[in-house]
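File shown here: model25.cif, holding mmCIF, C-alpha atoms.
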data_my_file
#
loop_
_atom_site.label_atom_id
_atom_site.label_comp_id
_atom_site.auth_asym_id
_atom_site.auth_seq_id
_atom_site.Cartn_x
_atom_site.Cartn_y
_atom_site.Cartn_z
CA MET A 1 189.63 49.37 49.47
CA GLU A 2 187.73 47.16 51.90
CA VAL A 3 189.34 46.64 55.31
CA ILE A 4 187.77 43.53 56.86
CA TYR A 5 189.85 43.15 60.05
CA GLU A 6 192.14 45.36 62.09
CA ASP A 7 193.79 45.38 65.51
CA ASN A 8 197.03 46.85 66.87
CA HIS A 9 199.23 44.31 65.11
CA ILE A 10 197.54 43.10 61.94
CA ILE A 11 195.15 44.35 59.29
CA ALA A 12 193.34 42.43 56.55
CA VAL A 13 191.89 43.66 53.27
CA ASN A 14 189.48 42.12 50.75
CA LYS A 15 191.57 42.46 47.59
CA THR A 16 189.94 42.94 44.19
CA CYS A 17 191.20 41.16 41.08
CA LYS A 18 192.66 44.42 39.73
CA GLU A 19 195.03 45.05 42.65
CA ILE A 20 198.60 43.89 43.18
CA VAL A 21 199.77 43.15 46.72
CA GLN A 22 203.34 44.38 46.23
CA GLY A 23 205.02 46.54 43.60
CA ASP A 24 206.02 44.84 40.36
CA LYS A 25 207.33 45.70 36.88
CA THR A 26 203.97 47.21 35.87
CA GLY A 27 204.67 50.20 38.10
CA ASP A 28 201.06 50.18 39.33
CA THR A 29 200.47 51.34 42.90
CA PRO A 30 200.37 48.22 45.08
CA LEU A 31 197.79 47.51 47.75
CA SER A 32 200.52 47.76 50.41
CA GLU A 33 201.17 51.43 49.53
CA THR A 34 197.47 52.29 49.33
CA LEU A 35 196.98 50.76 52.76
CA LYS A 36 199.94 52.67 54.20
CA LEU A 37 198.37 55.96 53.09
CA TRP A 38 195.01 54.89 54.50
CA LEU A 39 196.59 54.11 57.90
CA LYS A 40 198.56 57.35 57.87
CA GLU A 41 195.40 59.39 57.28
CA LYS A 42 193.20 57.40 59.65
CA TYR A 43 195.58 57.76 62.60
CA CYS A 44 197.07 61.14 61.60
CA LYS A 45 200.59 59.72 61.72
CA PRO A 46 203.27 62.36 61.03
CA GLY A 47 206.01 59.93 59.97
CA ASN A 48 206.28 56.76 57.93
CA VAL A 49 203.81 53.96 58.57
CA PHE A 50 205.12 50.42 59.09
CA LEU A 51 203.31 47.81 57.05
CA GLY A 52 204.65 44.35 56.28
CA VAL A 53 203.45 41.89 53.63
CA THR A 54 202.89 38.46 55.19
CA HIS A 55 201.70 36.60 52.06
CA ARG A 56 200.53 37.31 48.52
CA LEU A 57 197.69 36.65 46.13
CA ASP A 58 198.09 36.59 42.36
CA ARG A 59 196.85 39.79 40.75
CA PRO A 60 193.74 38.24 39.09
CA VAL A 61 192.69 36.59 42.38
CA SER A 62 190.38 38.29 44.91
CA GLY A 63 189.97 37.83 48.65
CA VAL A 64 191.71 38.01 52.03
CA VAL A 65 195.19 39.49 52.27
CA VAL A 66 196.75 39.92 55.73
CA PHE A 67 199.34 42.62 56.48
CA ALA A 68 201.37 43.23 59.64
CA LYS A 69 201.32 46.61 61.38
CA THR A 70 204.30 45.83 63.64
CA SER A 71 207.66 44.18 63.06
CA LYS A 72 206.91 41.64 65.79
CA ALA A 73 203.71 40.58 64.05
CA LEU A 74 205.45 40.48 60.66
CA SER A 75 208.22 38.10 61.74
CA ARG A 76 205.78 35.81 63.54
CA MET A 77 203.20 35.81 60.73
CA ASN A 78 205.91 35.10 58.14
CA GLU A 79 207.00 32.11 60.22
CA MET A 80 203.40 30.88 60.57
CA PHE A 81 202.80 31.04 56.83
CA ARG A 82 206.13 29.33 56.19
CA GLU A 83 205.33 26.52 58.63
CA GLY A 84 201.78 26.03 57.35
CA ASP A 85 200.17 27.23 60.58
CA VAL A 86 197.72 29.49 58.72
CA LYS A 87 194.64 27.70 57.38
CA LYS A 88 193.64 29.09 53.98
CA SER A 89 190.35 28.35 52.26
CA TYR A 90 189.49 29.35 48.68
CA TRP A 91 186.45 29.28 46.43
CA ALA A 92 186.89 28.60 42.72
CA ILE A 93 184.35 28.54 39.89
CA VAL A 94 184.97 26.00 37.13
CA LYS A 95 182.90 24.99 34.11
CA ASN A 96 183.86 21.31 33.95
CA CYS A 97 182.69 18.89 36.61
CA PRO A 98 185.66 17.50 38.59
CA PRO A 99 186.31 13.73 38.36
CA GLN A 100 185.04 13.36 41.93
CA GLU A 101 182.80 15.45 44.18
CA GLU A 102 185.58 15.61 46.76
CA ASP A 103 189.24 14.67 46.56
CA GLU A 104 192.80 15.42 47.62
CA LEU A 105 195.10 16.39 44.77
CA ILE A 106 198.81 15.68 44.97
CA HIS A 107 201.06 16.87 42.16
CA TRP A 108 204.63 17.99 41.59
CA LEU A 109 204.87 21.53 40.25
CA VAL A 110 207.65 22.85 38.04
CA ARG A 111 207.75 26.63 37.72
CA ASN A 112 208.67 28.25 34.42
CA GLU A 113 209.96 31.72 35.27
CA LYS A 114 209.90 32.98 31.68
CA GLN A 115 206.23 32.07 31.20
CA ASN A 116 205.35 32.88 34.83
CA LYS A 117 203.51 29.58 34.94
CA SER A 118 203.62 26.33 36.91
CA PHE A 119 203.21 22.92 35.30
CA ALA A 120 201.71 20.05 37.32
CA TYR A 121 202.94 16.48 37.00
CA ASP A 122 201.70 13.22 38.48
CA ARG A 123 205.23 12.08 39.30
CA GLU A 124 208.19 13.81 40.89
CA LYS A 125 210.54 15.63 38.54
CA PRO A 126 213.90 17.36 39.07
CA GLY A 127 213.34 20.74 40.68
CA ALA A 128 209.65 20.08 41.26
CA LYS A 129 207.85 20.99 44.48
CA LYS A 130 205.15 18.81 45.99
CA ALA A 131 201.72 20.46 45.98
CA ILE A 132 198.72 19.27 47.98
CA LEU A 133 195.18 20.59 48.15
CA HIS A 134 191.76 19.26 49.10
CA TYR A 135 188.69 20.27 47.12
CA LYS A 136 184.96 19.72 47.46
CA VAL A 137 182.07 20.68 45.19
CA VAL A 138 179.88 22.88 47.40
CA SER A 139 177.49 24.40 44.88
CA LYS A 140 176.51 24.17 41.22
CA SER A 141 174.42 25.96 38.61
CA ASP A 142 173.35 24.88 35.14
CA ASN A 143 176.78 25.62 33.70
CA TYR A 144 179.27 25.99 36.55
CA PHE A 145 180.59 24.31 39.69
CA LEU A 146 181.81 26.04 42.86
CA LEU A 147 184.71 24.30 44.58
CA GLU A 148 185.85 24.90 48.15
CA ILE A 149 189.59 24.40 48.39
CA ASP A 150 191.74 23.88 51.46
CA LEU A 151 195.32 24.63 50.56
CA LYS A 152 197.83 22.32 52.24
CA THR A 153 200.95 23.77 50.58
CA GLY A 154 201.63 27.21 49.16
CA ARG A 155 203.18 26.86 45.71
CA HIS A 156 203.32 29.27 42.78
CA HIS A 157 199.93 29.25 40.99
CA GLN A 158 199.17 26.02 42.82
CA ILE A 159 195.36 26.00 42.70
CA ARG A 160 195.28 27.26 39.12
CA SER A 161 197.78 24.65 37.95
CA GLN A 162 196.35 21.68 39.83
CA LEU A 163 192.74 22.32 38.80
CA ALA A 164 193.83 22.71 35.17
CA LYS A 165 195.67 19.40 35.46
CA ILE A 166 192.42 17.57 36.30
CA GLY A 167 190.59 19.26 33.43
CA CYS A 168 188.96 22.02 35.47
CA PRO A 169 190.64 25.35 34.63
CA ILE A 170 189.24 28.26 36.63
CA LYS A 171 186.73 30.48 34.82
CA GLY A 172 188.57 33.34 33.13
CA ASP A 173 192.05 31.84 33.56
CA LEU A 174 193.43 31.98 30.01
CA LYS A 175 196.95 31.13 31.22
CA TYR A 176 195.77 27.72 32.43
CA GLY A 177 193.48 26.79 29.58
CA TYR A 178 190.12 28.48 30.10
CA PRO A 179 188.86 29.56 26.65
CA ARG A 180 187.59 33.06 27.52
CA SER A 181 188.66 35.88 29.81
CA ASN A 182 186.36 37.52 32.36
CA PRO A 183 185.15 41.08 31.63
CA ASP A 184 187.07 42.46 34.64
CA GLY A 185 190.31 40.72 33.67
CA GLY A 186 190.31 38.61 36.80
CA ILE A 187 189.75 34.90 37.34
CA CYS A 188 187.05 33.25 39.45
CA LEU A 189 189.35 32.32 42.33
CA HIS A 190 188.61 33.93 45.70
CA ALA A 191 190.59 33.66 48.94
CA ARG A 192 187.53 33.15 51.10
CA SER A 193 189.08 32.86 54.56
CA VAL A 194 192.17 32.60 56.71
CA SER A 195 192.40 31.41 60.30
CA PHE A 196 195.38 31.42 62.63
CA ILE A 197 196.50 31.96 66.20
CA HIS A 198 197.14 35.67 66.66
CA PRO A 199 200.91 36.34 66.68
CA VAL A 200 200.71 38.46 69.83
CA SER A 201 197.47 37.81 71.74
CA LYS A 202 197.55 34.05 70.94
CA GLU A 203 193.80 34.04 70.37
CA LEU A 204 192.16 32.37 67.37
CA VAL A 205 191.53 34.79 64.49
CA GLU A 206 189.18 33.90 61.65
CA ILE A 207 188.79 36.34 58.76
CA LYS A 208 186.34 35.95 55.86
CA ALA A 209 186.11 38.00 52.69
CA ASP A 210 182.86 38.54 50.79
CA VAL A 211 182.87 37.35 47.18
CA PRO A 212 183.04 39.87 44.31
CA ILE A 213 179.86 41.72 43.38
CA ASP A 214 179.03 39.56 40.40
CA THR A 215 175.87 37.68 39.44
CA LEU A 216 177.52 34.27 39.04
CA TRP A 217 179.30 34.54 42.40
CA GLN A 218 176.04 35.57 44.08
CA VAL A 219 174.10 32.66 42.54
CA LEU A 220 176.65 30.02 43.48
CA THR A 221 177.25 31.24 47.05
CA LYS A 222 173.72 32.33 48.09
CA ASP A 223 173.19 29.23 50.25
CA LEU A 224 176.69 29.30 51.75
CA LEU A 225 176.88 32.81 53.18
#
Same coordinates, now as structure tokens:
Amino acid sequence: MEVIYEDNHIIAVNKTCKEIVQGDKTGDTPLSETLKLWLKEKYCKPGNVFLGVTHRLDRPVSGVVVFAKTSKALSRMNEMFREGDVKKSYWAIVKNCPPQEEDELIHWLVRNEKQNKSFAYDREKPGAKKAILHYKVVSKSDNYFLLEIDLKTGRHHQIRSQLAKIGCPIKGDLKYGYPRSNPDGGICLHARSVSFIHPVSKELVEIKADVPIDTLWQVLTKDLL
């Protein structure tokens, strides 16, 4: 587990694609519980450790996850994420060149609970939620393109669904149309950074997470780090 930021109220971890943020039906130990034990041991706490989940990343996605160490920070961070006051930037590797080098995508997403999948439409549909993101091609190799994505809304599988809609499924993402899985079972989507006004100190906090240790990631990001 890689802790990349910590103060008295919040702590951030660079999640791997194998970890889940919160417990689910798999029964696997979630990152939140692993982090609680880490905090308990680090500070020799005799009782229970408070740790609140402020947001989530899909299991196959890597990158920044922010947790709250106090109830005050949790309620304020939850509100900030809900109101869109946390700026989130992602990197995604795709094989197909996007229609434009840079663009804003606006779709309406319909979530299918049974399939655990979101479908993107160009026009509004009953029960659909508006999804907005901005992408830019920031690097390329012979076979792949690296996109930097600023997420404007936080919908279920939003980036995965919207990129698939424009013909650019994320490398390794079988659920959204990529033909092959990645060896590690993850997808090439990385929560690169978050920035926000600290819920208690009111100072600007910017947290970045290094990309996975993988040759393709290293090649595509070598001039950006």
*Selected residue, from A:Pro169, A:Gly52, A:Pro60, A:Gly154, that lies nearest to Lys95 of chain A when counting all atoms listed in the file*: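 Answer, going by the shortest atom-to-atom distance: A:Pro169.
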*What separation in Å, quoted to one decimal, exists between atom CA of Ile213 of chain A and atom CA of Val138 of chain A?*
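Distance between the two atoms: 19.3 Å.
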*the PyMOL selection byres ((chain A and resi 7-17) around 6) resolved against shown file, as a ChimeraX atom specification*: /A:2-6,18-19,59-70,73,186,209
*Using all atoms listed in the file, pick whichever of A:Ser75, A:Lys171, A:Asp28, A:Glu101 has the shortest atom-to-atom distance to Asn143 of chain A.*
A:Lys171
*Can you list, as a PyMOL selection string, every protein, DNA or RNA residue that comes within 8 Å of Cys168 of chain A when you count all atoms listed in the file, leaving out same-chain residues fewer than 2 positions away?*
chain A and resi 94-98+163-166+170
Go ahead and write the residues just picked, C-alpha atoms, as an mmCIF file, in the frame of the given file.
data_model
loop_
_atom_site.group_PDB
_atom_site.id
_atom_site.type_symbol
_atom_site.label_atom_id
_atom_site.label_comp_id
_atom_site.auth_asym_id
_atom_site.auth_seq_id
_atom_site.Cartn_x
_atom_site.Cartn_y
_atom_site.Cartn_z
ATOM 1 C CA VAL A 94 184.970 26.000 37.130
ATOM 2 C CA LYS A 95 182.900 24.990 34.110
ATOM 3 C CA ASN A 96 183.860 21.310 33.950
ATOM 4 C CA CYS A 97 182.690 18.890 36.610
ATOM 5 C CA PRO A 98 185.660 17.500 38.590
ATOM 6 C CA LEU A 163 192.740 22.320 38.800
ATOM 7 C CA ALA A 164 193.830 22.710 35.170
ATOM 8 C CA LYS A 165 195.670 19.400 35.460
ATOM 9 C CA ILE A 166 192.420 17.570 36.300
ATOM 10 C CA ILE A 170 189.240 28.260 36.630
#
*Residue nearest Asp150 of chain A among A:Pro199, A:Gly172, A:Gly84, A:Pro183 (counting all atoms listed in the file)*: A:Gly84
Counting only C-alpha atoms, give me one row per residue of segment 6-99 of chain A with an atom at most 10 Å from an atom of segment 123-135 of chain A, showing the shortest contact pair and its distance in Å to one decimal, sorted by chain then residue number, as a tab-separated table.
residue	atom	partner	partner_atom	distance
A:Ser89	CA	A:Tyr135	CA	9.7
A:Tyr90	CA	A:Tyr135	CA	9.2
A:Trp91	CA	A:Tyr135	CA	9.3
A:Ala92	CA	A:Tyr135	CA	9.6
A:Pro98	CA	A:Tyr135	CA	9.5
*Taking all atoms listed in the file into account, which of A:Ser32, A:Gln22, A:Val205, A:Leu57 comes nearest Ile187 of chain A?*
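Selected residue with least distance to Ile187 of chain A: A:Leu57.
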